[in-house]
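Enquirer: Attaching a single structure in structure tokens format; questions to follow.
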Amino acid sequence: MTDQLTKYFEDFAESSIQRTKSALLAIRYYERIKLRLLKKEDLSSQLPIIAKVGPTATMEVVNEAIAEYKTRLAGAWNIHARLQEIGKFKCVMTTNDREQLPRAELKYEFKSSAGTVKIHIASAGETFSLLINAGKNPMAAQLARKELEKNLTFIALTS
């Protein structure tokens, strides 16, 4: 297994977990504000901007923020668009009421003339497992991984 592939997908998983955490924190924060606004609580001492714009405008902003962060949460595990173009990508997120973070299961398959590289990432909380499989033939597997590495290098150079 090559270090570049491992490093890339480990960094990707760690940053995806962080994006998931920050989006969930923001969603929960804004939902608490929304509940308090629905209960007609005066939040102007805690959020001075409410005194200027009023509770109706604040509610609109809160609803927009919740929608934006839910979109960020849904896309937290999306891989780079170029990788999606050259391979097959599937990500499933499952939520359990007893867990703080949703679990993500990501499968990515890259086919080249040399062979197929399959990447599987499964997260649980702030941990993840990464499996990279390029087949049983060592020569073909090495060539297939090198092809994927070339694409990762291209992505890094153009980003």
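For the structure tokens, the naming scheme is as follows: chains receive sequential letters (A, B, ...) according to their order of presentation, residues are indexed from 1 within each chain, and ligands are indexed from 1 in presentation order.
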Taking 6 positions as the minimum chain separation for residues in the same chain, which residues sit within 8 Å of Phe128 of chain A when counting only C-alpha atoms? Answer as a list in words.
Expert: Ala13, Ile121 and Ala122 of chain A
Enquirer: Go ahead and dump the residues you just picked, C-alpha atoms, as a JSON list (two decimals), in the first residue's frame.
Expert:
```
[["chain", "number", "residue", "atom", "x", "y", "z"],
["A", 13, "ALA", "CA", -11.68, 11.10, 6.94],
["A", 121, "ILE", "CA", -13.96, 4.18, 5.10],
["A", 122, "ALA", "CA", -16.25, 3.53, 8.05]]
```
Enquirer: Near segment 20-37 of chain A, counting only C-alpha atoms, which residues have an atom at most 9 Å away, once you skip same-chain residues fewer than 5 positions from it, shown as number ranges by chain?
Expert: A: 15, 42-43, 55-56, 58-59, 62-63, 65-77, 100-102, 126
Enquirer: Any idea what's packed within 12 Å of Arg82 of chain A, counting only C-alpha atoms, ignoring anything in its chain fewer than 5 positions away? Could you give it as number ranges by chain?
Expert: A: 87-89, 110, 148, 151-156, 158-159
Enquirer: Could you save those same residues with C-alpha atoms as a tab-separated table (two decimals), in the first residue's frame?
Expert:
```tsv
chain	number	residue	atom	x	y	z
A	87	GLY	CA	-14.63	6.77	-10.13
A	88	LYS	CA	-17.71	5.46	-8.38
A	89	PHE	CA	-18.58	7.09	-5.06
A	110	PHE	CA	-11.37	3.79	-9.13
A	148	LEU	CA	-4.97	6.91	-8.55
A	151	ASN	CA	-4.99	11.84	-10.09
A	152	LEU	CA	-4.55	12.86	-6.44
A	153	THR	CA	-1.38	14.75	-7.37
A	154	PHE	CA	-3.23	16.50	-10.19
A	155	ILE	CA	-6.01	17.46	-7.78
A	156	ALA	CA	-3.47	18.82	-5.28
A	158	THR	CA	-4.96	22.38	-9.34
A	159	SER	CA	-6.61	23.13	-6.00
```
Enquirer: Mind listing the helix (DSSP H, G or I) residues of segment 15-156 of chain A, per DSSP on the backbone, as a PyMOL selection string?
Expert: chain A and resi 15-38+49-53+55-74+81-86+138-156
Enquirer: Kindly indicate which residue among A:Lys150, A:Leu157, A:Arg19, A:Gly115 lies nearest to Asn137 of chain A, using only C-alpha atoms for the distances.
Expert: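 Of A:Lys150, A:Leu157, A:Arg19, A:Gly115, the one nearest Asn137 of chain A, counting only C-alpha atoms, is A:Gly115.
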Enquirer: Per DSSP on the backbone, filter chain A down to the residues in strand (DSSP E) and report them as a ChimeraX atom specification.
Expert: /A:87-94,103-111,116-124,127-133
Enquirer: Would you mind exporting the chosen residues as an mmCIF file, in the first residue's frame, restricted to C-alpha atoms?
Expert:
```
data_model
loop_
_atom_site.group_PDB
_atom_site.id
_atom_site.type_symbol
_atom_site.label_atom_id
_atom_site.label_comp_id
_atom_site.auth_asym_id
_atom_site.auth_seq_id
_atom_site.Cartn_x
_atom_site.Cartn_y
_atom_site.Cartn_z
ATOM 1 C CA GLY A 87 -14.631 6.767 -10.131
ATOM 2 C CA LYS A 88 -17.713 5.459 -8.376
ATOM 3 C CA PHE A 89 -18.579 7.093 -5.060
ATOM 4 C CA LYS A 90 -21.171 6.150 -2.457
ATOM 5 C CA CYS A 91 -21.582 7.480 1.057
ATOM 6 C CA VAL A 92 -24.247 6.462 3.557
ATOM 7 C CA MET A 93 -24.707 8.273 6.850
ATOM 8 C CA THR A 94 -26.694 6.640 9.630
ATOM 9 C CA ARG A 103 -21.785 7.081 11.318
ATOM 10 C CA ALA A 104 -20.527 7.329 7.777
ATOM 11 C CA GLU A 105 -19.701 4.517 5.415
ATOM 12 C CA LEU A 106 -17.891 5.611 2.293
ATOM 13 C CA LYS A 107 -17.086 3.405 -0.670
ATOM 14 C CA TYR A 108 -15.005 4.621 -3.569
ATOM 15 C CA GLU A 109 -13.933 2.609 -6.594
ATOM 16 C CA PHE A 110 -11.370 3.785 -9.134
ATOM 17 C CA LYS A 111 -10.887 1.770 -12.324
ATOM 18 C CA THR A 116 -9.354 -1.386 -9.715
ATOM 19 C CA VAL A 117 -8.639 0.341 -6.421
ATOM 20 C CA LYS A 118 -11.402 0.078 -3.810
ATOM 21 C CA ILE A 119 -11.434 2.370 -0.807
ATOM 22 C CA HIS A 120 -13.709 1.792 2.172
ATOM 23 C CA ILE A 121 -13.956 4.185 5.098
ATOM 24 C CA ALA A 122 -16.248 3.526 8.053
ATOM 25 C CA SER A 123 -16.554 6.039 10.871
ATOM 26 C CA ALA A 124 -17.881 5.638 14.386
ATOM 27 C CA THR A 127 -12.698 7.217 14.871
ATOM 28 C CA PHE A 128 -12.591 5.601 11.474
ATOM 29 C CA SER A 129 -11.245 2.572 9.688
ATOM 30 C CA LEU A 130 -9.664 2.765 6.258
ATOM 31 C CA LEU A 131 -9.263 -0.158 3.875
ATOM 32 C CA ILE A 132 -7.572 0.198 0.506
ATOM 33 C CA ASN A 133 -7.812 -2.834 -1.743
#
```
Enquirer: Need the shell around Ser113 of chain A: protein/DNA/RNA residues with any atom at most 10 Å away, counting only C-alpha atoms. Skip same-chain ones fewer than 6 positions apart. Format as a list in words?
Expert: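 Within the cut-off, the hits are Ala140, Leu143, Ala144 and Glu147 of chain A.
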Enquirer: The selected residues should be written to file as a PDB file, in the first residue's frame (atoms: N, CA and C atoms).
Expert:
```
ATOM      1  N   ALA A 140      -0.235  -5.522 -10.794  1.00  0.00           N
ATOM      2  CA  ALA A 140      -1.402  -4.765 -11.246  1.00  0.00           C
ATOM      3  C   ALA A 140      -1.902  -3.831 -10.146  1.00  0.00           C
ATOM      4  N   LEU A 143       0.338  -0.748 -10.007  1.00  0.00           N
ATOM      5  CA  LEU A 143       0.066   0.149 -11.132  1.00  0.00           C
ATOM      6  C   LEU A 143      -1.263   0.891 -10.953  1.00  0.00           C
ATOM      7  N   ALA A 144      -2.283   0.185 -10.473  1.00  0.00           N
ATOM      8  CA  ALA A 144      -3.597   0.813 -10.255  1.00  0.00           C
ATOM      9  C   ALA A 144      -3.501   1.894  -9.178  1.00  0.00           C
ATOM     10  N   GLU A 147      -1.856   4.960 -10.590  1.00  0.00           N
ATOM     11  CA  GLU A 147      -2.781   5.742 -11.413  1.00  0.00           C
ATOM     12  C   GLU A 147      -3.659   6.641 -10.548  1.00  0.00           C
TER      13      GLU A 147
END
```
